[in-house]
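In what follows, a structure is listed as structure tokens, so that the remarks can point back to it.
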Amino acid sequence: MDYLWIFIAFVCGFLVKQINLPPLVGYLAAGFGLHALGVQPDASLETLGDLGVILLLFTIGLKLNISSLFKTEIWAGAAGHMSVIVVLTIINCTLLGAVGLLHFSGLELSGAALIGFAVSFSSTVIAVKVLEENGEMRSRHGQVAIGILVIQDIAAVVFVTLASDMSPSWLALSLLLLPLLRPALDYLMERCGHGELLPLAGIFLAFSGGELFELVGLKAHLGALVMAVLVSSHPKAAELSKSLLSFKDIFLIGFFLSIGFTALPTIDILGVALIMAVALPIKAGLFFFWLTRLKLRARTSFLAALSPANYSEFGLIVCSISVTQGLLGKEWLVIMALSVALSFVFSSGVNTISHRLYGRWATQIKTFENSQRLSEDRFDQPGEVAVLVVGMGRVGSGAYDILQNEMGKSVCGIDMDRVRAISHAEAGRNVIYGDAEDPEFWSDISLDGIRLIMFAMPKFLDIQEAQNQIQLAGFQGKTAAIARYEDEKEKLLAAGVDEVFNFYAEAGAGFADQSVHLLAGS
């Protein structure tokens with residue numbers, strides 16, 4: 001039976017990948033298909049899904065800036081949106097009940113409020129998966145979306161804790177002493193090296209945090225998140241996150257399959273779930289409107305609003321507790337499960353084309369933009385330089401240093417991660433914050449005197465989009481980019497990039513060129 005799960009999951013994931021949808025949509029379809037065939041899941045599937053969610057929250061914590069949660073656009077964005085969704089859901093349920101629609105008629109006010117609370121959550125799993133696939137985890141809109149999702153997750157944990165029979169132990173107060181473990185955790189990270197022990201250390205820390213929190217009556221997911229935050233400032237945090245990527249993705253397949261095993265819908269239940277699915281654009285629209293009122297730029301608000309345009313697995317938990325306590329009929333658990341699955345398909349699809357949607361509707365979208373701009377959304381100028389290096393990771397930083405120190409070229413680096421840009425600036429490099437896929441960034445900065453733009457971003461699709469944006473901005477100089485595979489190199493050249501460096505295929509040539517002088521004395 002385990003082979004059947006793997007076979008069906010692979011086939012479905014492969015097929016949807018061919019039509020440019022994320023494989024997770026196929027995994028969801030596989031879950032419903034297996035359920036329809038009468039396959040019964042065993043405990044290993046649920047365990048696999050739990051492993052995936054715990055590791056997902058752990059990797060989020062490794063990249064999370066806690067101070068960002070206290071920014072107005074984050075906490076107010078989450079709280080304001082949730083409040084409006086609850087109120088609108090109560091009104092909607094009342095109206096649908098008044099016309100006699102099945103499952104809504106006879107629904108009490110408390111039940112409607114609980115449904116509103118359940119649908120106000122967005123799936124951290126789906127949003128982060130999509131942001132990772134798009135390479136936008138550290139972008140401005142990605143950070144806003146993640147911050148809002150973390151606030152929602154905290155609210156969900158509080159609800160589950162208060163509503164469940166298990167209440168936190170007084171020992172939970174001892175968790176406030178966890179920051180004292182930082183020196184020991186840093187030592188552990190330092191001594192793990194760079195091999196297979198590092199990802200194992202990550203898994204160990206994630207589950208240690210989960211076990212510790214469950215021991216005092218709190219959710220294991222929150223424990224994994226907190227443990228990751230404690231080690232997020234360590235220099236090897238980024239390396240640890242990358243080493244866990246494959247493990248997390250494999251384990252999450254179990255989570256997506258398990259959604260399909262929740263229940264099979266009837267026609268009337270499917271109708272209610274479709275009504276809830278139709279409301280997803282409204283949910284995203286409310287996010288967009290509210291974020292623009294909080295002075296975020298229109299593009300940031302639009303892209304950040306699409307990431308949480310789904311329903312959450314926490315909504316299932318809220319419905320499950322409500323059904324157990326007799327506040328909702330048991331059919332609402334099935335309705336919510338189907339709505340969550342449909343929302344995953346919608347969210348995955350719309351986020352795949354999010355930048356194209358913004359490009360198509362940019363004029364109309366910008367009419368909602370607030371005249372005032374937050375300090376984080378103001379762009380610095382690169383200055384009088386000849387070269388721009390876009391993406392200041394290891395490759396970009398190396399290129400920057402060679403150009404400036406050994407070739408004497410005037411250079412400016414650009415990075416979408418504001419923290420990284422500030423870190424480079426503090427180290428003496430001329431690096432500014434900016435999103436190369438943002439048309440407003442290229443229209444706001446001066447390209448006068450720029451002769452070469454080098455793209456050192458990890459995702460070739462991002463480079464394609466950035467190349468398109470600088471062409472639209474009227475850039476007349478040359479461009480160069482990196483690629484990992486030959487087919488990516490060909491696509492970038494076709495997009496108009498003048499020179500593409502395949503750093504896997506050509507690393508050997510660079511290594512030989514740098515080392516050949518050693519033969520001179522032999």
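Convention: chains lettered A, B, ... in structure tokens order; per-chain residue numbering from 1; ligands numbered from 1 as shown.
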Q: Would you kindly return, as JSON, numbers by chain, each protein, DNA or RNA residue with an atom no farther than 9 Å from any atom of Asp50 of chain A, considering only C-alpha atoms and excluding same-chain residues fewer than 5 positions away?
A: {"A": [45, 55, 221, 251, 252, 254, 255]}
(Q) Set the distance at 8 Å and use only C-alpha atoms: which residues neighbour Ser307 of chain A once local chain neighbours fewer than 5 positions away are removed? I'd like the list as a PyMOL selection string. (A) chain A and resi 127+130-131+142+145+347+351
Go ahead and write the selection's residues with C-alpha atoms as an mmCIF file, in the first residue's frame.
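Heads up, here's the output in result-v6.cif:
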```cif
data_model
loop_
_atom_site.group_PDB
_atom_site.id
_atom_site.type_symbol
_atom_site.label_atom_id
_atom_site.label_comp_id
_atom_site.auth_asym_id
_atom_site.auth_seq_id
_atom_site.Cartn_x
_atom_site.Cartn_y
_atom_site.Cartn_z
ATOM 1 C CA ALA A 127 1.869 30.161 1.204
ATOM 2 C CA VAL A 130 4.607 28.885 -3.133
ATOM 3 C CA LEU A 131 6.945 31.665 -1.928
ATOM 4 C CA GLY A 142 6.990 37.621 1.124
ATOM 5 C CA ALA A 145 2.773 37.608 4.090
ATOM 6 C CA SER A 347 -3.985 29.695 -4.299
ATOM 7 C CA ASN A 351 0.305 32.674 -7.196
#
```
Q. Leaving out Gln469 of chain A and any residue of its chain fewer than 4 positions from it, which residues lie within 9 Å of it when counting only C-alpha atoms, given as a VMD selection string?
A. chain A and resid 436 to 439 442 464 to 465 473 to 474
Q.
Residues within 8 Å of Gly61 of chain A, please, as number ranges by chain. Count only C-alpha atoms; anything in the same chain fewer than 3 positions from it doesn't count.
A. A: 57-58, 64, 224-229, 232
Q: Write out as an NGL selection string the residues lying within 8 Å of Ala421 of chain A, counting only C-alpha atoms and excluding same-chain residues fewer than 5 positions away.
A: :A and (392 or 414-416 or 431-433)
Can you list, as a PDB file with N, CA, C and O atoms, in the first residue's frame, every protein, DNA or RNA residue that comes within 12 Å of segment 170-176 of chain A when you count only C-alpha atoms, leaving out same-chain residues fewer than 3 positions away?
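Output below, filename selection_39.pdb:
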```
ATOM      1  N   SER A 167      -5.091  22.033  29.128  1.00  0.00           N
ATOM      2  CA  SER A 167      -4.679  23.418  29.371  1.00  0.00           C
ATOM      3  C   SER A 167      -3.195  23.458  29.687  1.00  0.00           C
ATOM      4  O   SER A 167      -2.626  22.480  30.179  1.00  0.00           O
ATOM      5  N   PRO A 179      15.631  31.539  25.913  1.00  0.00           N
ATOM      6  CA  PRO A 179      16.749  32.304  25.334  1.00  0.00           C
ATOM      7  C   PRO A 179      18.093  32.039  26.009  1.00  0.00           C
ATOM      8  O   PRO A 179      19.148  32.261  25.400  1.00  0.00           O
ATOM      9  N   LEU A 180      18.063  31.549  27.257  1.00  0.00           N
ATOM     10  CA  LEU A 180      19.321  31.242  27.944  1.00  0.00           C
ATOM     11  C   LEU A 180      20.050  30.060  27.290  1.00  0.00           C
ATOM     12  O   LEU A 180      21.246  29.853  27.535  1.00  0.00           O
ATOM     13  N   LEU A 181      19.334  29.289  26.465  1.00  0.00           N
ATOM     14  CA  LEU A 181      19.944  28.151  25.783  1.00  0.00           C
ATOM     15  C   LEU A 181      20.729  28.558  24.538  1.00  0.00           C
ATOM     16  O   LEU A 181      21.401  27.716  23.926  1.00  0.00           O
ATOM     17  N   GLY A 209      11.999  20.986  20.357  1.00  0.00           N
ATOM     18  CA  GLY A 209      11.117  22.105  20.680  1.00  0.00           C
ATOM     19  C   GLY A 209       9.670  21.674  20.760  1.00  0.00           C
ATOM     20  O   GLY A 209       8.928  22.076  21.671  1.00  0.00           O
ATOM     21  N   LEU A 212       9.086  19.587  23.944  1.00  0.00           N
ATOM     22  CA  LEU A 212       9.148  20.450  25.126  1.00  0.00           C
ATOM     23  C   LEU A 212       7.850  21.222  25.309  1.00  0.00           C
ATOM     24  O   LEU A 212       7.309  21.315  26.431  1.00  0.00           O
ATOM     25  N   PHE A 213       7.302  21.746  24.234  1.00  0.00           N
ATOM     26  CA  PHE A 213       6.063  22.520  24.321  1.00  0.00           C
ATOM     27  C   PHE A 213       4.873  21.609  24.635  1.00  0.00           C
ATOM     28  O   PHE A 213       3.968  22.001  25.385  1.00  0.00           O
ATOM     29  N   GLU A 214       4.846  20.425  24.032  1.00  0.00           N
ATOM     30  CA  GLU A 214       3.752  19.500  24.343  1.00  0.00           C
ATOM     31  C   GLU A 214       3.809  19.055  25.803  1.00  0.00           C
ATOM     32  O   GLU A 214       2.773  18.812  26.427  1.00  0.00           O
ATOM     33  N   LEU A 215       5.007  18.971  26.348  1.00  0.00           N
ATOM     34  CA  LEU A 215       5.183  18.553  27.736  1.00  0.00           C
ATOM     35  C   LEU A 215       4.500  19.519  28.700  1.00  0.00           C
ATOM     36  O   LEU A 215       4.016  19.114  29.765  1.00  0.00           O
ATOM     37  N   VAL A 216       4.433  20.811  28.316  1.00  0.00           N
ATOM     38  CA  VAL A 216       3.815  21.814  29.197  1.00  0.00           C
ATOM     39  C   VAL A 216       2.429  22.215  28.687  1.00  0.00           C
ATOM     40  O   VAL A 216       1.894  23.252  29.089  1.00  0.00           O
ATOM     41  N   GLY A 217       1.859  21.401  27.770  1.00  0.00           N
ATOM     42  CA  GLY A 217       0.483  21.629  27.344  1.00  0.00           C
ATOM     43  C   GLY A 217       0.299  22.584  26.195  1.00  0.00           C
ATOM     44  O   GLY A 217      -0.799  23.115  26.015  1.00  0.00           O
ATOM     45  N   LEU A 218       1.348  22.829  25.389  1.00  0.00           N
ATOM     46  CA  LEU A 218       1.246  23.704  24.230  1.00  0.00           C
ATOM     47  C   LEU A 218       1.467  22.908  22.952  1.00  0.00           C
ATOM     48  O   LEU A 218       1.948  21.777  22.981  1.00  0.00           O
ATOM     49  N   LYS A 219       1.134  23.511  21.796  1.00  0.00           N
ATOM     50  CA  LYS A 219       1.240  22.818  20.523  1.00  0.00           C
ATOM     51  C   LYS A 219       2.696  22.616  20.119  1.00  0.00           C
ATOM     52  O   LYS A 219       3.531  23.519  20.253  1.00  0.00           O
ATOM     53  N   LEU A 222       4.248  25.164  17.551  1.00  0.00           N
ATOM     54  CA  LEU A 222       4.763  26.418  18.102  1.00  0.00           C
ATOM     55  C   LEU A 222       6.161  26.208  18.685  1.00  0.00           C
ATOM     56  O   LEU A 222       7.033  27.074  18.560  1.00  0.00           O
ATOM     57  N   GLY A 223       6.389  25.052  19.296  1.00  0.00           N
ATOM     58  CA  GLY A 223       7.695  24.752  19.861  1.00  0.00           C
ATOM     59  C   GLY A 223       8.778  24.690  18.802  1.00  0.00           C
ATOM     60  O   GLY A 223       9.894  25.178  19.009  1.00  0.00           O
ATOM     61  N   VAL A 226       9.580  28.303  17.729  1.00  0.00           N
ATOM     62  CA  VAL A 226      10.363  29.024  18.737  1.00  0.00           C
ATOM     63  C   VAL A 226      11.810  28.537  18.760  1.00  0.00           C
ATOM     64  O   VAL A 226      12.750  29.332  18.834  1.00  0.00           O
ATOM     65  N   MET A 227      12.014  27.229  18.663  1.00  0.00           N
ATOM     66  CA  MET A 227      13.371  26.680  18.675  1.00  0.00           C
ATOM     67  C   MET A 227      14.176  27.199  17.485  1.00  0.00           C
ATOM     68  O   MET A 227      15.377  27.500  17.608  1.00  0.00           O
ATOM     69  N   LEU A 230      15.440  30.723  17.983  1.00  0.00           N
ATOM     70  CA  LEU A 230      16.590  30.797  18.882  1.00  0.00           C
ATOM     71  C   LEU A 230      17.917  30.617  18.153  1.00  0.00           C
ATOM     72  O   LEU A 230      18.943  31.141  18.581  1.00  0.00           O
TER      73      LEU A 230
END
```
Q | Nearest to Phe501 of chain A, chosen from A:Glu46, A:Glu488, A:Glu108, A:Glu73, with only C-alpha atoms counted in the distances | A | A:Glu488
Q: Name the residues of segment 155-281 of chain A that come out as helix (DSSP H, G or I) in a backbone DSSP run; write them as an MDAnalysis selection string.
A: chainID A and resid 155:163 170:191 197:215 220:231 237:260 267:278 280:281
Output for the residues just chosen: C-alpha atoms as an mmCIF file, in the first residue's frame:
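The resulting file, again.cif, is reproduced below:
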```
data_model
loop_
_atom_site.group_PDB
_atom_site.id
_atom_site.type_symbol
_atom_site.label_atom_id
_atom_site.label_comp_id
_atom_site.auth_asym_id
_atom_site.auth_seq_id
_atom_site.Cartn_x
_atom_site.Cartn_y
_atom_site.Cartn_z
ATOM 1 C CA ALA A 155 -3.985 33.149 17.301
ATOM 2 C CA ALA A 156 -4.893 29.605 16.222
ATOM 3 C CA VAL A 157 -2.619 28.059 18.853
ATOM 4 C CA VAL A 158 -4.195 30.264 21.523
ATOM 5 C CA PHE A 159 -7.694 29.208 20.423
ATOM 6 C CA VAL A 160 -6.835 25.508 20.356
ATOM 7 C CA THR A 161 -5.221 25.779 23.782
ATOM 8 C CA LEU A 162 -8.235 27.546 25.300
ATOM 9 C CA ALA A 163 -10.836 25.371 23.564
ATOM 10 C CA TRP A 170 2.193 26.268 35.065
ATOM 11 C CA LEU A 171 5.545 24.926 33.891
ATOM 12 C CA ALA A 172 4.871 26.717 30.591
ATOM 13 C CA LEU A 173 6.209 29.843 32.291
ATOM 14 C CA SER A 174 9.632 28.181 32.294
ATOM 15 C CA LEU A 175 9.677 28.522 28.497
ATOM 16 C CA LEU A 176 10.503 32.197 29.041
ATOM 17 C CA LEU A 177 13.979 30.994 30.023
ATOM 18 C CA LEU A 178 14.603 29.375 26.617
ATOM 19 C CA PRO A 179 16.749 32.304 25.334
ATOM 20 C CA LEU A 180 19.321 31.242 27.944
ATOM 21 C CA LEU A 181 19.944 28.151 25.783
ATOM 22 C CA ARG A 182 21.278 30.243 22.909
ATOM 23 C CA PRO A 183 25.012 29.802 23.722
ATOM 24 C CA ALA A 184 24.588 26.029 23.910
ATOM 25 C CA LEU A 185 22.581 25.944 20.673
ATOM 26 C CA ASP A 186 25.195 28.098 18.903
ATOM 27 C CA TYR A 187 27.925 25.721 20.087
ATOM 28 C CA LEU A 188 25.902 22.759 18.792
ATOM 29 C CA MET A 189 25.446 24.396 15.388
ATOM 30 C CA GLU A 190 29.129 25.263 15.147
ATOM 31 C CA ARG A 191 30.317 21.729 15.947
ATOM 32 C CA LEU A 197 24.923 15.841 10.792
ATOM 33 C CA LEU A 198 23.689 19.399 10.155
ATOM 34 C CA PRO A 199 20.200 18.521 8.795
ATOM 35 C CA LEU A 200 19.917 15.835 11.473
ATOM 36 C CA ALA A 201 20.651 18.534 14.067
ATOM 37 C CA GLY A 202 17.841 20.607 12.555
ATOM 38 C CA ILE A 203 15.379 17.716 12.789
ATOM 39 C CA PHE A 204 16.538 17.050 16.346
ATOM 40 C CA LEU A 205 16.051 20.693 17.382
ATOM 41 C CA ALA A 206 12.636 20.938 15.694
ATOM 42 C CA PHE A 207 11.304 17.877 17.479
ATOM 43 C CA SER A 208 12.972 18.786 20.749
ATOM 44 C CA GLY A 209 11.117 22.105 20.680
ATOM 45 C CA GLY A 210 7.880 20.303 19.821
ATOM 46 C CA GLU A 211 8.255 17.739 22.612
ATOM 47 C CA LEU A 212 9.148 20.450 25.126
ATOM 48 C CA PHE A 213 6.063 22.520 24.321
ATOM 49 C CA GLU A 214 3.752 19.500 24.343
ATOM 50 C CA LEU A 215 5.183 18.553 27.736
ATOM 51 C CA ALA A 220 4.353 21.110 19.143
ATOM 52 C CA HIS A 221 4.226 23.294 16.021
ATOM 53 C CA LEU A 222 4.763 26.418 18.102
ATOM 54 C CA GLY A 223 7.695 24.752 19.861
ATOM 55 C CA ALA A 224 9.428 24.021 16.531
ATOM 56 C CA LEU A 225 8.951 27.639 15.476
ATOM 57 C CA VAL A 226 10.363 29.024 18.737
ATOM 58 C CA MET A 227 13.371 26.680 18.675
ATOM 59 C CA ALA A 228 14.214 27.828 15.152
ATOM 60 C CA VAL A 229 14.014 31.488 16.158
ATOM 61 C CA LEU A 230 16.590 30.797 18.882
ATOM 62 C CA VAL A 231 19.154 29.650 16.305
ATOM 63 C CA ALA A 237 21.053 29.182 9.886
ATOM 64 C CA ALA A 238 20.714 29.711 6.124
ATOM 65 C CA GLU A 239 22.785 26.596 5.408
ATOM 66 C CA LEU A 240 20.661 24.602 7.848
ATOM 67 C CA SER A 241 17.473 25.801 6.151
ATOM 68 C CA LYS A 242 18.739 24.703 2.732
ATOM 69 C CA SER A 243 19.850 21.310 4.066
ATOM 70 C CA LEU A 244 16.328 20.653 5.401
ATOM 71 C CA LEU A 245 14.570 21.666 2.174
ATOM 72 C CA SER A 246 14.330 18.219 0.591
ATOM 73 C CA PHE A 247 13.356 16.496 3.852
ATOM 74 C CA LYS A 248 10.574 19.015 4.436
ATOM 75 C CA ASP A 249 9.193 18.729 0.902
ATOM 76 C CA ILE A 250 9.089 14.926 1.017
ATOM 77 C CA PHE A 251 7.371 14.860 4.418
ATOM 78 C CA LEU A 252 4.817 17.477 3.336
ATOM 79 C CA ILE A 253 3.549 15.118 0.645
ATOM 80 C CA GLY A 254 1.997 13.148 3.503
ATOM 81 C CA PHE A 255 0.208 16.286 4.688
ATOM 82 C CA PHE A 256 -1.284 17.006 1.251
ATOM 83 C CA LEU A 257 -2.377 13.386 0.788
ATOM 84 C CA SER A 258 -4.017 13.335 4.224
ATOM 85 C CA ILE A 259 -6.249 16.316 3.316
ATOM 86 C CA GLY A 260 -7.929 14.140 0.696
ATOM 87 C CA ILE A 267 -23.441 17.054 -3.878
ATOM 88 C CA ASP A 268 -24.954 19.458 -1.330
ATOM 89 C CA ILE A 269 -21.725 19.623 0.669
ATOM 90 C CA LEU A 270 -19.798 20.300 -2.555
ATOM 91 C CA GLY A 271 -22.196 23.191 -3.278
ATOM 92 C CA VAL A 272 -21.484 24.826 0.081
ATOM 93 C CA ALA A 273 -17.732 24.297 -0.373
ATOM 94 C CA LEU A 274 -17.926 25.970 -3.795
ATOM 95 C CA ILE A 275 -19.664 28.975 -2.217
ATOM 96 C CA MET A 276 -16.767 29.229 0.218
ATOM 97 C CA ALA A 277 -14.256 28.823 -2.626
ATOM 98 C CA VAL A 278 -15.910 31.642 -4.582
ATOM 99 C CA LEU A 280 -11.443 33.438 -1.912
ATOM 100 C CA PRO A 281 -10.979 36.419 -4.283
#
```
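Comparing A:Leu24, A:Val119, A:Leu291, A:Leu492 by their smallest distance to Asp462 of chain A, the closest is A:Leu492 (using only C-alpha atoms).
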(Q) Using only C-alpha atoms, which protein or nucleic acid residues come within 8 Å of Ser120 of chain A? Drop anything in the same chain fewer than 6 positions from it, and give the result as a ChimeraX atom specification. (A) /A:81-82,85-86,311,315
Using only C-alpha atoms, please write the residues we just selected to a file, as a PDB file, in the first residue's frame.
```
ATOM      1  CA  HIS A  81      -8.422  41.234   8.298  1.00  0.00           C
ATOM      2  CA  MET A  82      -9.484  38.453  10.667  1.00  0.00           C
ATOM      3  CA  ILE A  85     -13.758  38.195   7.777  1.00  0.00           C
ATOM      4  CA  VAL A  86     -15.576  37.034  10.935  1.00  0.00           C
ATOM      5  CA  TYR A 311      -8.045  28.442   3.838  1.00  0.00           C
ATOM      6  CA  GLY A 315      -9.605  25.963  10.074  1.00  0.00           C
TER       7      GLY A 315
END
```
Q: Select, from A:Ala305, A:Met336, A:Leu95, A:Ile6, the residue with the minimum atom-to-atom distance to Ile115 of chain A, counting only C-alpha atoms.
A: A:Met336
Q: In Å, rounded to a single decimal, give me how far atom CA of Arg293 of chain A is from atom CA of Ser371 of chain A.
A: 10.0 Å
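Atom pair atom CA of Leu303 of chain A / atom CA of Gly26 of chain A has a distance of 23.8 Å (rounded to one decimal).
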Q | Counting only C-alpha atoms, the residue of A:Phe261, A:Val385, A:Ile450, A:Glu490 that sits nearest Phe475 of chain A | A | A:Ile450
